[in-house]
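**Student:** The structure that follows is given in the form of structure tokens.
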Amino acid sequence: MARMKFLCDAERCIECNACVTACKNEHEVPWGVNRRRVVTISDGKTGERSISVACMHCSSAPCMAVCPVDCFYQNDDGVVLHNKDLCIGCGYCFYACPFGAPQYPQQTNFGTRGKMDKCTFCAGGPETDHSDAEFKKYGRNRIGEGKLPLCAEMCSTKALLGGDGDQVSAIYRERVIARGFGSGAWGWGRAYPGGGS
Amino acid sequence: MTKVLAAINVRHLLIASLFVMFAAFGANMASADVRGPAPKQPDLQYLNEDSNFWGKIRQGQEGRGGQLIQSQGEDWRLLRNGPLLKYTATGLGAMVALLALFFLIRGRIKIEHGWSGWTIERFNMPERMGHWILAVSFIILGLTGLNVSFGKHVLMPLVGKDMFSTISVGAKYLHNYVAFAFILGLAWVFIAWIKDNFPRSVDINWLKQAGGLFSKGVHPPSHKFNAGQKLIFWSVIVTGVSISLSGWALLFPFETNMFAKTFWLINGVVGTTLPTELTGIQEQQHAVTWHNIMAIVMICIILAHIYIGTIGMQGAFDAMGSGRVDLNWAKEHHSLWVDKLETQDKLDKQPDETHQADAGAKAQPAE
């Protein structure tokens with residue numbers, strides 16, 4: 001079984017934010033929630049680089065480990081998903097997540113953050129595939145339609161790769177060889193310690 | 001064969017022309033730099049910078065658009081799912097076991113001279129109200145808090161995931177709103193009782209004799225509150241304020257920076273080098289951890305308090321129940337307080353309605 005992974009090639013990302021926009025539009029994500037964001041390091045200085053980041057669908061995911069109601073699950077593709085009907089909006093996954101992936105519709109109103117929302121790798125959620133309920137809570141189930149995450153699909157510079165982890169790393173390895181230098185696969189050391197699934 | 005020869009000839013030609021070109025470049029070098037860009041080769045310095053770059057990100061460097069990796073999340077997860085839950089469970093279990101053991105050995109501490117048939121007022125209505133606001137809110141907060149820590153392992157297997165989630169949502173709202181009642185109760189008892197809780201010389205004697213807790217017939221003199229009660233009072237105030245503050249930070253996330261300030265203060269006093277610049281998420285992580293630690297300390301102390309106020313000691317619950325305690329009980333446990341009331345002529349003895357039957361049979365005045 002394929003192990004799905006994201007990879008953002010920092011040498012290619014031009015901070016166009018198309019991935020962020022595509023994600024918001026495809027899933028009709030509520031105001032204030034960004035499942036994907038672009039971070040620019042050393043902005044305006046030499047060596048400036050941008051990276052697009054969302055949930056990395058970690059192996060041994062911290063969110064899953066700390067959730068007090070056990071609302072997370074990892075599907076056969078290694079994608080970390082959660083059940084919004086079980087989520088109590090306690091914020092623990094947000095404290096534990098290294099990538100700042102979990103989002104809440106109401107972050108400052110005390111006691112009521114609302115149900116946590118995060119990137120689903122376009123794999124929907126626990127509701128019936130392609131149902132209205134699934135779309136409303138989790139967004140489009142592109143994986144169920146045989147497609148890959150839209151953010152990576154429509155990345156203009158192909159900086160953001162998403163798909164079978166082996167293929168993704170093969171493409172990246174080729175680029176590194178061609179460039180003569182490489183920065184490693186961003187975030188992979190944190191998300192997949194030991195390279196595992 | 002001819003093809004090979006032709007190829008060799010072409011190669012020779014190429015090499016020869018290259019030599020000519022180099023010679024021409026060499027001749028031009030003195031006058032002008034026309035070498036063009038250097039051949040592309042792995043730049044070692046660039047590679048070094050590169051690994052520094054990624055190292056910094058791993059250490060939490062922030063850019064425009066926020067932080068990329070906060071590795072403390074993993075530390076927090078390991079701490080919470082590891083030692084924090086382990087020691088919380090151990091502390092809770094140990095306290096219950098200790099109290100059970102104490103009960104087995106010491107049994108219920110009886111009023112030595114029996115019910116007197118007379119009661120005096122120990123806590124007036126406002127005092128009791130403050131106590132019960134604090135007590136009821138504390139029990140609700142304690143149970144709903146423990147649900148976050150252990151519900152997944154204890155309650156969820158019993159009631160199923162869906163039911164457990166429903167309970168936990170309710171529990172979370174209760175926890176968030178009842179917190180304000182707790183803060184109110186805490187302030188209330190602090191104001192009501194601080195004047196009686198300053199340490200006094202008799203407290204040393206009380207502590208030396210462990211309050212007579214472990215020896216029958218020993219009743220070291222005490223004012224309104226004995227040294228043990230004073231210790232409970234101050235522990236409740238310290239842990240209660242600490243829990244309230246860290247709870248406040250959790251109720252209003254990313255709006256406080258109490259830990260950075262506290263660390264700065266500790267650094268100044270003790271000379272440690274705790275980090276004084278914390279990100280919002282680090283503040284939140286510290287707040288959850290500290291909230292949990294202080295809560296379990298308070299729960300353990302209060303378990304002992306509940307024990308001695310109910311099954312552990314005859315006549316003690318009346319103080320917070322009706323507010324009126326048996327005279328013999330008062331003389332045994334708070335002799336100096338009764339003396340003071342007597343000299344002030346504020347004793348206000350009233351016949352005991354509930355314990356008359358016992359009193360008639362066994363009552364004898366305490367000395």
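FYI, nothing fancy with the structure tokens labels: chains A, B, ... in order, residues from 1 per chain, ligands from 1 as they appear.
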Contacts of Ala319 in chain B at 10 Å or less, counting only C-alpha atoms, minus same-chain residues fewer than 2 places along, as a list in words?
**Tutor:**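 Listing them by chain and then by number gives Ile120, Glu121, Arg122, Phe123, Asn124, Arg128, Gly309, Gly315, Ala316, Phe317, Gly321, Ser322, Gly323, Arg324, Val325, Asp326 and Ala330 of chain B.
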**Student:** Next, the residues of the selection above should be written as a PDB file, in the first residue's frame with C-alpha atoms.
**Tutor:**
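Result file part.pdb:
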```pdb
ATOM      1  CA  ILE B 120     -22.029  25.707  69.535  1.00  0.00           C
ATOM      2  CA  GLU B 121     -21.723  27.591  66.268  1.00  0.00           C
ATOM      3  CA  ARG B 122     -18.456  26.922  64.460  1.00  0.00           C
ATOM      4  CA  PHE B 123     -19.058  28.312  60.979  1.00  0.00           C
ATOM      5  CA  ASN B 124     -21.733  30.876  60.197  1.00  0.00           C
ATOM      6  CA  ARG B 128     -20.246  27.725  54.955  1.00  0.00           C
ATOM      7  CA  GLY B 309     -14.029  15.897  57.572  1.00  0.00           C
ATOM      8  CA  GLY B 315     -18.603  15.125  64.734  1.00  0.00           C
ATOM      9  CA  ALA B 316     -16.366  16.927  62.233  1.00  0.00           C
ATOM     10  CA  PHE B 317     -18.846  17.153  59.356  1.00  0.00           C
ATOM     11  CA  GLY B 321     -23.066  20.762  57.626  1.00  0.00           C
ATOM     12  CA  SER B 322     -25.268  22.570  60.126  1.00  0.00           C
ATOM     13  CA  GLY B 323     -22.459  24.898  61.109  1.00  0.00           C
ATOM     14  CA  ARG B 324     -22.930  23.855  64.764  1.00  0.00           C
ATOM     15  CA  VAL B 325     -20.538  21.385  66.387  1.00  0.00           C
ATOM     16  CA  ASP B 326     -20.792  19.323  69.529  1.00  0.00           C
ATOM     17  CA  ALA B 330     -14.979  21.535  70.074  1.00  0.00           C
TER      18      ALA B 330
END
```
**Student:** Compile the contact shell of range 154-167 of chain A as a ChimeraX atom specification: residues with an atom at most 6 Å away, counting only C-alpha atoms, same-chain residues fewer than 3 positions apart removed.
**Tutor:** /A:2-9,12-13,151,170
**Student:** Measuring between only C-alpha atoms, which one of B:Leu158, B:Met313, B:Met163, B:Leu174 shows the shortest distance to Gly107 in chain B?
**Tutor:**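 Answer, going by the shortest atom-to-atom distance: B:Met313.
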**Student:** Distance limit 8 Å, atoms considered: only C-alpha atoms. Which chain B residues sit that close to chain A? Return them as an MDAnalysis selection string.
**Tutor:** chainID B and resid 41:42 47 50:51 54 62:74 76:77 80:81 148:152 156 161:162 164:166 168:169 172:173 176 251:253 281 284:285
**Student:** List every residue of chain A that DSSP, applied to the backbone of this structure, places in strand (DSSP E or B), and write the result as number ranges by chain.
**Tutor:** A: 4-8, 37-41, 49-53, 72-74, 80-82, 103, 117, 123, 141, 160-164
**Student:** Using the chain letters and numbers from this document, which residues of range 19-160 of chain A does DSSP assign to helix (DSSP H, G or I), as a ChimeraX atom specification?
**Tutor:** /A:19-27,62-66,92-96,132-138,143-145,150-153
**Student:** Would you work out the distance separating CA of Arg140 in chain A from CA of Pro102 in chain A, expressed in Å to one decimal?
**Tutor:**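 Going from CA of Arg140 in chain A over to CA of Pro102 in chain A covers 17.8 Å.
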**Student:** Do you know which residues are at most 6 Å from Phe263 in chain B counting only C-alpha atoms, after dropping those on the same chain fewer than 4 positions away, and could you put them as a PyMOL selection string?
**Tutor:** chain B and resi 259+267+274+276
**Student:** Report the distance between CA of His82 in chain A and CA of Lys147 in chain A in Å, rounded to one decimal place.
**Tutor:**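 Interatomic distance here is 20.4 Å.
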**Student:** List the neighbours of range 115-127 of chain A out to 8 Å using only C-alpha atoms; skip same-chain residues closer than 4 positions along the sequence, and give me the result as a ChimeraX atom specification.
**Tutor:** /A:33-36,54-55,79-84,87-89,91,101-105,131,133-135,137-144,148-150
**Student:** What does the structure give for the distance between CA of Gln344 in chain B and CA of Gln314 in chain B, in Å to one decimal?
**Tutor:**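 For CA of Gln344 in chain B relative to CA of Gln314 in chain B, the distance reads 27.2 Å.
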**Student:** Please provide as a JSON list (two decimals) with N, CA and C atoms, in the first residue's frame all residues within 12 Å of Ile194 in chain B, with the sequence filter that same-chain residues fewer than 4 positions apart are discarded (counting only C-alpha atoms).
**Tutor:**
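Contents of selection33.json, freshly written:
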```
[["chain", "number", "residue", "atom", "x", "y", "z"],
["B", 127, "GLU", "N", -19.67, 31.77, 55.92],
["B", 127, "GLU", "CA", -18.47, 30.93, 55.89],
["B", 127, "GLU", "C", -18.75, 29.61, 55.18],
["B", 186, "LEU", "N", -12.73, 30.59, 46.12],
["B", 186, "LEU", "CA", -11.37, 30.70, 46.62],
["B", 186, "LEU", "C", -11.15, 32.07, 47.27],
["B", 187, "ALA", "N", -11.60, 33.10, 46.58],
["B", 187, "ALA", "CA", -11.47, 34.45, 47.12],
["B", 187, "ALA", "C", -12.29, 34.59, 48.41],
["B", 188, "TRP", "N", -13.46, 33.99, 48.40],
["B", 188, "TRP", "CA", -14.39, 34.06, 49.54],
["B", 188, "TRP", "C", -13.75, 33.46, 50.79],
["B", 189, "VAL", "N", -13.27, 32.21, 50.70],
["B", 189, "VAL", "CA", -12.71, 31.57, 51.91],
["B", 189, "VAL", "C", -11.42, 32.27, 52.33],
["B", 190, "PHE", "N", -10.70, 32.81, 51.35],
["B", 190, "PHE", "CA", -9.46, 33.52, 51.69],
["B", 190, "PHE", "C", -9.79, 34.72, 52.58],
["B", 198, "PHE", "N", -3.00, 32.63, 60.37],
["B", 198, "PHE", "CA", -1.59, 32.98, 60.53],
["B", 198, "PHE", "C", -0.96, 32.03, 61.54],
["B", 199, "PRO", "N", 0.30, 31.63, 61.31],
["B", 199, "PRO", "CA", 0.94, 30.70, 62.24],
["B", 199, "PRO", "C", 1.07, 31.31, 63.64],
["B", 224, "LYS", "N", -9.02, 28.50, 66.58],
["B", 224, "LYS", "CA", -10.11, 28.14, 65.66],
["B", 224, "LYS", "C", -9.65, 27.12, 64.62],
["B", 225, "PHE", "N", -8.44, 27.34, 64.09],
["B", 225, "PHE", "CA", -7.88, 26.36, 63.16],
["B", 225, "PHE", "C", -6.59, 25.80, 63.73],
["B", 229, "GLN", "N", -5.00, 22.30, 59.78],
["B", 229, "GLN", "CA", -5.98, 23.04, 58.98],
["B", 229, "GLN", "C", -5.35, 24.26, 58.33],
["B", 230, "LYS", "N", -4.43, 24.88, 59.07],
["B", 230, "LYS", "CA", -3.74, 26.04, 58.49],
["B", 230, "LYS", "C", -2.92, 25.62, 57.27],
["B", 231, "LEU", "N", -2.27, 24.45, 57.40],
["B", 231, "LEU", "CA", -1.49, 23.96, 56.26],
["B", 231, "LEU", "C", -2.41, 23.70, 55.06],
["B", 233, "PHE", "N", -5.29, 25.16, 54.53],
["B", 233, "PHE", "CA", -5.74, 26.47, 54.05],
["B", 233, "PHE", "C", -4.73, 27.07, 53.09],
["B", 234, "TRP", "N", -3.47, 27.13, 53.53],
["B", 234, "TRP", "CA", -2.46, 27.78, 52.69],
["B", 234, "TRP", "C", -2.17, 26.98, 51.42],
["B", 236, "VAL", "N", -4.37, 25.19, 49.83],
["B", 236, "VAL", "CA", -5.50, 25.44, 48.94],
["B", 236, "VAL", "C", -5.35, 26.81, 48.27],
["B", 237, "ILE", "N", -4.92, 27.80, 49.06],
["B", 237, "ILE", "CA", -4.76, 29.14, 48.48],
["B", 237, "ILE", "C", -3.67, 29.13, 47.42]]
```
**Student:** Point out the residue among B:Leu141, B:Leu207, B:Pro351, B:Phe103 with the least atom-to-atom distance to Thr310 in chain B, counting only C-alpha atoms.
**Tutor:**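 Ranking B:Leu141, B:Leu207, B:Pro351, B:Phe103 by distance to Thr310 in chain B, first place goes to B:Phe103.
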